[in-house]
Amino acid sequence: RLGAGQMPPSDDPTLYEPWESISIAAEWLTKVREAVGLGPVLGIDYHHRLSVAEAAGFCQRMPKGTIDFLEEPIRDETPDAYAALRQMTDVPFAIGEEISSKWHFLPYIERGLTNYARVDVCNIGGLTEAIKVAGWCEAHYIDLMPHNPLGPICTAASIHLGAAVPNWAWLEARATPTEDRQLDYDLFPVQPELEGPWFRVPDAPGLGVEFNEELASSKEFKFWEAPHLHRRDGSHTNW
């Protein structure tokens, strides 16, 4: 899955303007598809940064079949906006990482506004609510593509969700450990690990995760805030 546009270098807090980013990403994705062929699944996450017109323009800049899904191109507060975008492109949508209940998912499922449901077990209300959404999606031939950036507990819960439902596509996950994730491994010495492209379903008690309470109690709480990104004209944009 490719990120959208250009992330700013540490000494430059600006982003490309939206249309520049769209053109660059469309050109790159077209070249990637030409290089890898039709086999690999290719999608892009715009993390709610675009307008309807920008998202449509992005899709129209690439040959048909270049990408297999477009993830969260616009925000989800207005289903009618996604309905309008649906009329402008036939690229499948992956929507739902910010959705917090089955009621919020209702128009996206019933009106056919998403093709992959980005259910987040931690946002949606736990496994019980996630299973309800999954069953609803199954009846409409919508597969789950869960949002999963929150750590080992969410990963383990999402794996169990995947084992319990038939309509499963892919699970978001970091492919390899990185230095900034070392604390995750120290705090959760037993957690799911990728085996190639797969996770094995845990068979230990509970979710199959162990937590180092002694280490956690020795750490001070630190508030994290997402980067404040802005465009060249000084206006802020979604992270």
# chains A, B, ... in the order shown; residues from 1 in each chain; ligands from 1
call {"tool": "closest_atom_pairs", "arguments": {"of": "range 56-153 of chain A", "to": "range 162-173 of chain A", "cutoff": "8 Å", "atoms": "only C-alpha atoms", "output": "tab-separated table"}}
result
residue	atom	partner	partner_atom	distance
A:Tyr116	CA	A:Ala169	CA	7.8
A:Ile131	CA	A:Val165	CA	7.6
A:Ala134	CA	A:Val165	CA	7.0
A:Gly135	CA	A:Val165	CA	7.8
A:Cys137	CA	A:Asn167	CA	7.8
A:Glu138	CA	A:Asn167	CA	5.9
A:Tyr141	CA	A:Asn167	CA	7.7
A:Ile142	CA	A:Asn167	CA	7.0
A:Asp143	CA	A:Asn167	CA	4.7
A:Leu144	CA	A:Trp168	CA	4.9
A:Met145	CA	A:Trp170	CA	5.0
A:Pro146	CA	A:Leu171	CA	5.3
A:His147	CA	A:Glu172	CA	5.8
A:Asn148	CA	A:Glu172	CA	5.3
A:Pro149	CA	A:Ala173	CA	7.0
call {"tool": "residues_around", "arguments": {"residues": "range 207-214 of chain A", "least_positions_apart": "2", "cutoff": "10 Å", "atoms": "only C-alpha atoms", "output": "list in words"}}
result
Pro152, Ile153, Cys154, Thr155, Ala156, Ala157, Ser158, Ile159, His160, Asp184, Tyr185, Asp186, Leu187, Phe188, Pro189, Val190, Gln191, Pro192, Val201, Pro202, Asp203, Ala204, Pro205, Ala216, Ser217, Ser218 and Lys219 of chain A
call {"tool": "atom_distance", "arguments": {"atom1": "CA of Lys102 in chain A", "atom2": "CA of Trp136 in chain A"}}
result
9.0 Å
call {"tool": "residues_around", "arguments": {"residues": "Trp103 in chain A", "least_positions_apart": "6", "cutoff": "12 Å", "atoms": "only C-alpha atoms", "output": "VMD selection string"}}
result
chain A and resid 96 109 to 110 124 to 125 129 to 130 132 to 133 136
call {"tool": "write_last_selection", "arguments": {"atoms": "all heavy atoms", "output": "mmCIF file, in the first residue's frame"}}
result
data_model
loop_
_atom_site.group_PDB
_atom_site.id
_atom_site.type_symbol
_atom_site.label_atom_id
_atom_site.label_comp_id
_atom_site.auth_asym_id
_atom_site.auth_seq_id
_atom_site.Cartn_x
_atom_site.Cartn_y
_atom_site.Cartn_z
ATOM 1 N N GLY A 96 -13.667 3.630 6.310
ATOM 2 C CA GLY A 96 -14.208 3.258 7.616
ATOM 3 C C GLY A 96 -13.277 3.333 8.793
ATOM 4 O O GLY A 96 -13.687 3.008 9.912
ATOM 5 N N ILE A 109 -22.631 0.874 3.879
ATOM 6 C CA ILE A 109 -22.958 -0.512 3.543
ATOM 7 C C ILE A 109 -24.235 -0.572 2.706
ATOM 8 O O ILE A 109 -24.263 -1.156 1.622
ATOM 9 C CB ILE A 109 -23.107 -1.355 4.825
ATOM 10 C CG1 ILE A 109 -21.783 -1.388 5.590
ATOM 11 C CG2 ILE A 109 -23.567 -2.768 4.480
ATOM 12 C CD1 ILE A 109 -21.879 -2.027 6.970
ATOM 13 N N GLU A 110 -25.292 0.045 3.185
ATOM 14 C CA GLU A 110 -26.590 -0.064 2.532
ATOM 15 C C GLU A 110 -26.639 0.640 1.180
ATOM 16 O O GLU A 110 -27.376 0.223 0.284
ATOM 17 C CB GLU A 110 -27.685 0.502 3.449
ATOM 18 C CG GLU A 110 -27.928 -0.306 4.723
ATOM 19 C CD GLU A 110 -28.469 -1.702 4.419
ATOM 20 O OE1 GLU A 110 -29.180 -1.860 3.407
ATOM 21 O OE2 GLU A 110 -28.165 -2.639 5.188
ATOM 22 N N ILE A 124 -14.524 0.855 16.680
ATOM 23 C CA ILE A 124 -15.900 0.459 16.386
ATOM 24 C C ILE A 124 -16.663 0.035 17.641
ATOM 25 O O ILE A 124 -17.886 -0.008 17.654
ATOM 26 C CB ILE A 124 -15.914 -0.675 15.337
ATOM 27 C CG1 ILE A 124 -17.289 -0.780 14.661
ATOM 28 C CG2 ILE A 124 -15.540 -2.009 15.961
ATOM 29 C CD1 ILE A 124 -17.636 0.371 13.788
ATOM 30 N N GLY A 125 -15.952 -0.285 18.720
ATOM 31 C CA GLY A 125 -16.631 -0.708 19.942
ATOM 32 C C GLY A 125 -16.315 -2.134 20.342
ATOM 33 O O GLY A 125 -17.107 -2.786 21.028
ATOM 34 N N GLU A 129 -19.150 -5.479 18.345
ATOM 35 C CA GLU A 129 -19.649 -4.558 17.329
ATOM 36 C C GLU A 129 -18.999 -4.839 15.977
ATOM 37 O O GLU A 129 -19.656 -4.751 14.932
ATOM 38 C CB GLU A 129 -19.383 -3.115 17.760
ATOM 39 C CG GLU A 129 -20.122 -2.074 16.938
ATOM 40 C CD GLU A 129 -21.558 -1.855 17.366
ATOM 41 O OE1 GLU A 129 -22.090 -2.691 18.130
ATOM 42 O OE2 GLU A 129 -22.155 -0.852 16.944
ATOM 43 N N ALA A 130 -17.720 -5.202 15.981
ATOM 44 C CA ALA A 130 -17.026 -5.503 14.727
ATOM 45 C C ALA A 130 -17.657 -6.706 14.028
ATOM 46 O O ALA A 130 -17.803 -6.712 12.794
ATOM 47 C CB ALA A 130 -15.540 -5.766 14.995
ATOM 48 N N LYS A 132 -20.759 -7.638 14.260
ATOM 49 C CA LYS A 132 -22.041 -7.193 13.695
ATOM 50 C C LYS A 132 -21.832 -6.498 12.355
ATOM 51 O O LYS A 132 -22.566 -6.751 11.390
ATOM 52 C CB LYS A 132 -22.743 -6.255 14.680
ATOM 53 C CG LYS A 132 -23.234 -6.930 15.952
ATOM 54 C CD LYS A 132 -23.864 -5.917 16.889
ATOM 55 C CE LYS A 132 -24.330 -6.588 18.182
ATOM 56 N NZ LYS A 132 -24.932 -5.614 19.120
ATOM 57 N N VAL A 133 -20.845 -5.617 12.295
ATOM 58 C CA VAL A 133 -20.551 -4.923 11.038
ATOM 59 C C VAL A 133 -20.100 -5.926 9.976
ATOM 60 O O VAL A 133 -20.498 -5.833 8.806
ATOM 61 C CB VAL A 133 -19.486 -3.833 11.257
ATOM 62 C CG1 VAL A 133 -19.047 -3.235 9.925
ATOM 63 C CG2 VAL A 133 -20.022 -2.735 12.167
ATOM 64 N N TRP A 136 -23.080 -7.769 8.521
ATOM 65 C CA TRP A 136 -23.810 -6.835 7.677
ATOM 66 C C TRP A 136 -23.109 -6.680 6.339
ATOM 67 O O TRP A 136 -23.732 -6.680 5.267
ATOM 68 C CB TRP A 136 -23.881 -5.510 8.413
ATOM 69 C CG TRP A 136 -24.966 -4.575 8.057
ATOM 70 C CD1 TRP A 136 -25.934 -4.707 7.098
ATOM 71 C CD2 TRP A 136 -25.194 -3.308 8.682
ATOM 72 N NE1 TRP A 136 -26.741 -3.611 7.090
ATOM 73 C CE2 TRP A 136 -26.313 -2.731 8.035
ATOM 74 C CE3 TRP A 136 -24.566 -2.606 9.703
ATOM 75 C CZ2 TRP A 136 -26.808 -1.482 8.401
ATOM 76 C CZ3 TRP A 136 -25.067 -1.373 10.065
ATOM 77 C CH2 TRP A 136 -26.168 -0.825 9.426
#
call {"tool": "residues_around", "arguments": {"residues": "Ser23 in chain A", "least_positions_apart": "3", "cutoff": "8 Å", "atoms": "only C-alpha atoms", "output": "JSON, numbers by chain"}}
result
{"A": [19, 20, 26, 27, 58, 61]}
call {"tool": "write_last_selection", "arguments": {"atoms": "C-alpha atoms", "output": "compact mmCIF listing (two decimals), in the first residue's frame"}}
result
# COMPACT_ATOMS: atom_id res chain seq x y z
CA TRP A 19 -2.87 18.94 -7.60
CA GLU A 20 0.92 18.51 -7.70
CA ALA A 26 -0.82 9.09 -10.43
CA GLU A 27 2.37 9.05 -12.53
CA PHE A 58 -6.64 11.60 -9.28
CA ARG A 61 -5.30 10.54 -14.34
call {"tool": "atom_distance", "arguments": {"atom1": "CA of Ile24 in chain A", "atom2": "CA of Val52 in chain A"}}
result
18.2 Å
call {"tool": "residues_around", "arguments": {"residues": "Ala53 in chain A", "least_positions_apart": "5", "cutoff": "10 Å", "atoms": "only C-alpha atoms", "output": "list in words"}}
result
Phe58, Ala84, Leu85 and Met88 of chain A
call {"tool": "select_by_dssp", "arguments": {"residues": "range 21-200 of chain A", "states": "strand (DSSP E)", "output": "MDAnalysis selection string"}}
result
chainID A and resid 43:45 69:71 93:95 116:117 143:144 194:195 198:199
call {"tool": "write_last_selection", "arguments": {"atoms": "all heavy atoms", "output": "short mmCIF file (atom, residue, chain, number, x, y, z; two decimals), in the first residue's frame"}}
result
data_model
loop_
_atom_site.label_atom_id
_atom_site.label_comp_id
_atom_site.auth_asym_id
_atom_site.auth_seq_id
_atom_site.Cartn_x
_atom_site.Cartn_y
_atom_site.Cartn_z
N GLY A 43 -2.88 -0.44 -3.96
CA GLY A 43 -3.83 0.54 -3.44
C GLY A 43 -3.10 1.73 -2.88
O GLY A 43 -1.88 1.69 -2.67
N ILE A 44 -3.83 2.81 -2.66
CA ILE A 44 -3.22 4.02 -2.12
C ILE A 44 -4.12 4.62 -1.05
O ILE A 44 -5.34 4.61 -1.17
CB ILE A 44 -2.93 5.05 -3.24
CG1 ILE A 44 -2.16 6.25 -2.70
CG2 ILE A 44 -4.21 5.48 -3.95
CD1 ILE A 44 -1.55 7.13 -3.78
N ASP A 45 -3.49 5.13 0.01
CA ASP A 45 -4.20 5.73 1.14
C ASP A 45 -3.97 7.24 1.10
O ASP A 45 -2.85 7.70 1.28
CB ASP A 45 -3.65 5.14 2.44
CG ASP A 45 -4.25 5.77 3.68
OD1 ASP A 45 -5.24 6.52 3.58
OD2 ASP A 45 -3.70 5.53 4.78
N PHE A 69 -7.69 -0.38 -5.20
CA PHE A 69 -8.57 0.31 -4.26
C PHE A 69 -8.00 1.68 -3.93
O PHE A 69 -6.79 1.91 -4.02
CB PHE A 69 -8.79 -0.50 -2.98
CG PHE A 69 -7.56 -0.71 -2.14
CD1 PHE A 69 -7.15 0.23 -1.20
CD2 PHE A 69 -6.82 -1.88 -2.26
CE1 PHE A 69 -6.03 0.02 -0.41
CE2 PHE A 69 -5.69 -2.10 -1.48
CZ PHE A 69 -5.29 -1.13 -0.55
N LEU A 70 -8.90 2.58 -3.56
CA LEU A 70 -8.55 3.92 -3.11
C LEU A 70 -9.03 4.04 -1.67
O LEU A 70 -10.22 3.91 -1.39
CB LEU A 70 -9.24 4.97 -3.99
CG LEU A 70 -9.03 6.44 -3.64
CD1 LEU A 70 -7.55 6.81 -3.73
CD2 LEU A 70 -9.87 7.33 -4.55
N GLU A 71 -8.09 4.26 -0.76
CA GLU A 71 -8.42 4.26 0.68
C GLU A 71 -8.61 5.66 1.22
O GLU A 71 -7.73 6.52 1.06
CB GLU A 71 -7.30 3.55 1.44
CG GLU A 71 -7.53 3.46 2.94
CD GLU A 71 -6.37 2.80 3.65
OE1 GLU A 71 -5.70 1.94 3.04
OE2 GLU A 71 -6.13 3.14 4.83
N PHE A 93 -13.54 1.55 -3.36
CA PHE A 93 -13.22 2.37 -2.20
C PHE A 93 -12.99 1.49 -0.98
O PHE A 93 -13.65 0.47 -0.79
CB PHE A 93 -14.36 3.34 -1.89
CG PHE A 93 -14.60 4.40 -2.92
CD1 PHE A 93 -15.85 4.98 -3.07
CD2 PHE A 93 -13.58 4.82 -3.77
CE1 PHE A 93 -16.08 5.95 -4.03
CE2 PHE A 93 -13.79 5.79 -4.73
CZ PHE A 93 -15.06 6.36 -4.86
N ALA A 94 -12.07 1.93 -0.12
CA ALA A 94 -11.84 1.32 1.19
C ALA A 94 -12.07 2.41 2.22
O ALA A 94 -11.27 3.35 2.33
CB ALA A 94 -10.43 0.75 1.29
N ILE A 95 -13.17 2.31 3.00
CA ILE A 95 -13.61 3.39 3.87
C ILE A 95 -13.93 2.83 5.26
O ILE A 95 -14.45 1.72 5.37
CB ILE A 95 -14.88 4.08 3.30
CG1 ILE A 95 -14.66 4.53 1.86
CG2 ILE A 95 -15.30 5.26 4.17
CD1 ILE A 95 -15.95 4.96 1.16
N TYR A 116 -14.55 -2.12 0.51
CA TYR A 116 -13.80 -2.72 1.61
C TYR A 116 -14.10 -1.90 2.86
O TYR A 116 -14.00 -0.68 2.85
CB TYR A 116 -12.30 -2.70 1.33
CG TYR A 116 -11.89 -3.49 0.11
CD1 TYR A 116 -11.60 -2.84 -1.09
CD2 TYR A 116 -11.80 -4.88 0.15
CE1 TYR A 116 -11.24 -3.56 -2.22
CE2 TYR A 116 -11.43 -5.60 -0.97
CZ TYR A 116 -11.15 -4.94 -2.15
OH TYR A 116 -10.79 -5.65 -3.27
N ALA A 117 -14.47 -2.58 3.94
CA ALA A 117 -14.80 -1.90 5.19
C ALA A 117 -13.57 -1.83 6.07
O ALA A 117 -13.04 -2.87 6.49
CB ALA A 117 -15.93 -2.64 5.93
N ASP A 143 -15.98 -6.94 1.70
CA ASP A 143 -14.94 -7.58 2.51
C ASP A 143 -14.37 -6.59 3.53
O ASP A 143 -14.41 -5.37 3.34
CB ASP A 143 -13.80 -8.09 1.63
CG ASP A 143 -14.17 -9.38 0.91
OD1 ASP A 143 -15.18 -10.00 1.29
OD2 ASP A 143 -13.46 -9.75 -0.04
N LEU A 144 -13.81 -7.14 4.61
CA LEU A 144 -13.17 -6.32 5.64
C LEU A 144 -11.71 -6.10 5.30
O LEU A 144 -11.01 -7.01 4.84
CB LEU A 144 -13.27 -6.99 7.01
CG LEU A 144 -14.51 -6.66 7.87
CD1 LEU A 144 -15.79 -7.01 7.14
CD2 LEU A 144 -14.43 -7.37 9.21
N LEU A 194 4.45 -11.35 12.10
CA LEU A 194 4.25 -11.71 10.71
C LEU A 194 5.16 -12.88 10.33
O LEU A 194 6.33 -12.92 10.68
CB LEU A 194 4.55 -10.53 9.79
CG LEU A 194 3.44 -9.52 9.56
CD1 LEU A 194 3.98 -8.30 8.82
CD2 LEU A 194 2.29 -10.13 8.78
N GLU A 195 4.58 -13.83 9.61
CA GLU A 195 5.33 -14.93 9.02
C GLU A 195 5.19 -14.78 7.51
O GLU A 195 4.24 -15.28 6.91
CB GLU A 195 4.80 -16.27 9.51
CG GLU A 195 4.90 -16.43 11.02
CD GLU A 195 4.31 -17.74 11.52
OE1 GLU A 195 4.01 -18.62 10.66
OE2 GLU A 195 4.15 -17.89 12.74
N TRP A 198 1.72 -13.44 6.39
CA TRP A 198 0.64 -14.00 7.19
C TRP A 198 0.87 -13.80 8.68
O TRP A 198 1.99 -13.72 9.16
CB TRP A 198 0.52 -15.52 6.94
CG TRP A 198 0.45 -15.89 5.50
CD1 TRP A 198 1.47 -16.38 4.73
CD2 TRP A 198 -0.68 -15.80 4.64
NE1 TRP A 198 1.05 -16.60 3.45
CE2 TRP A 198 -0.28 -16.26 3.37
CE3 TRP A 198 -2.00 -15.39 4.83
CZ2 TRP A 198 -1.14 -16.30 2.28
CZ3 TRP A 198 -2.86 -15.44 3.76
CH2 TRP A 198 -2.43 -15.89 2.51
N PHE A 199 -0.24 -13.74 9.41
CA PHE A 199 -0.23 -13.86 10.86
C PHE A 199 -0.82 -15.22 11.23
O PHE A 199 -1.84 -15.63 10.66
CB PHE A 199 -1.09 -12.78 11.53
CG PHE A 199 -0.44 -11.44 11.66
CD1 PHE A 199 -0.90 -10.36 10.93
CD2 PHE A 199 0.63 -11.25 12.53
CE1 PHE A 199 -0.32 -9.10 11.06
CE2 PHE A 199 1.23 -10.00 12.66
CZ PHE A 199 0.75 -8.93 11.93
#
call {"tool": "closest_residue", "arguments": {"among": "A:Thr128, A:Asn115, A:Ser100, A:Ser21", "to": "His140 in chain A", "atoms": "only C-alpha atoms"}}
result
A:Asn115
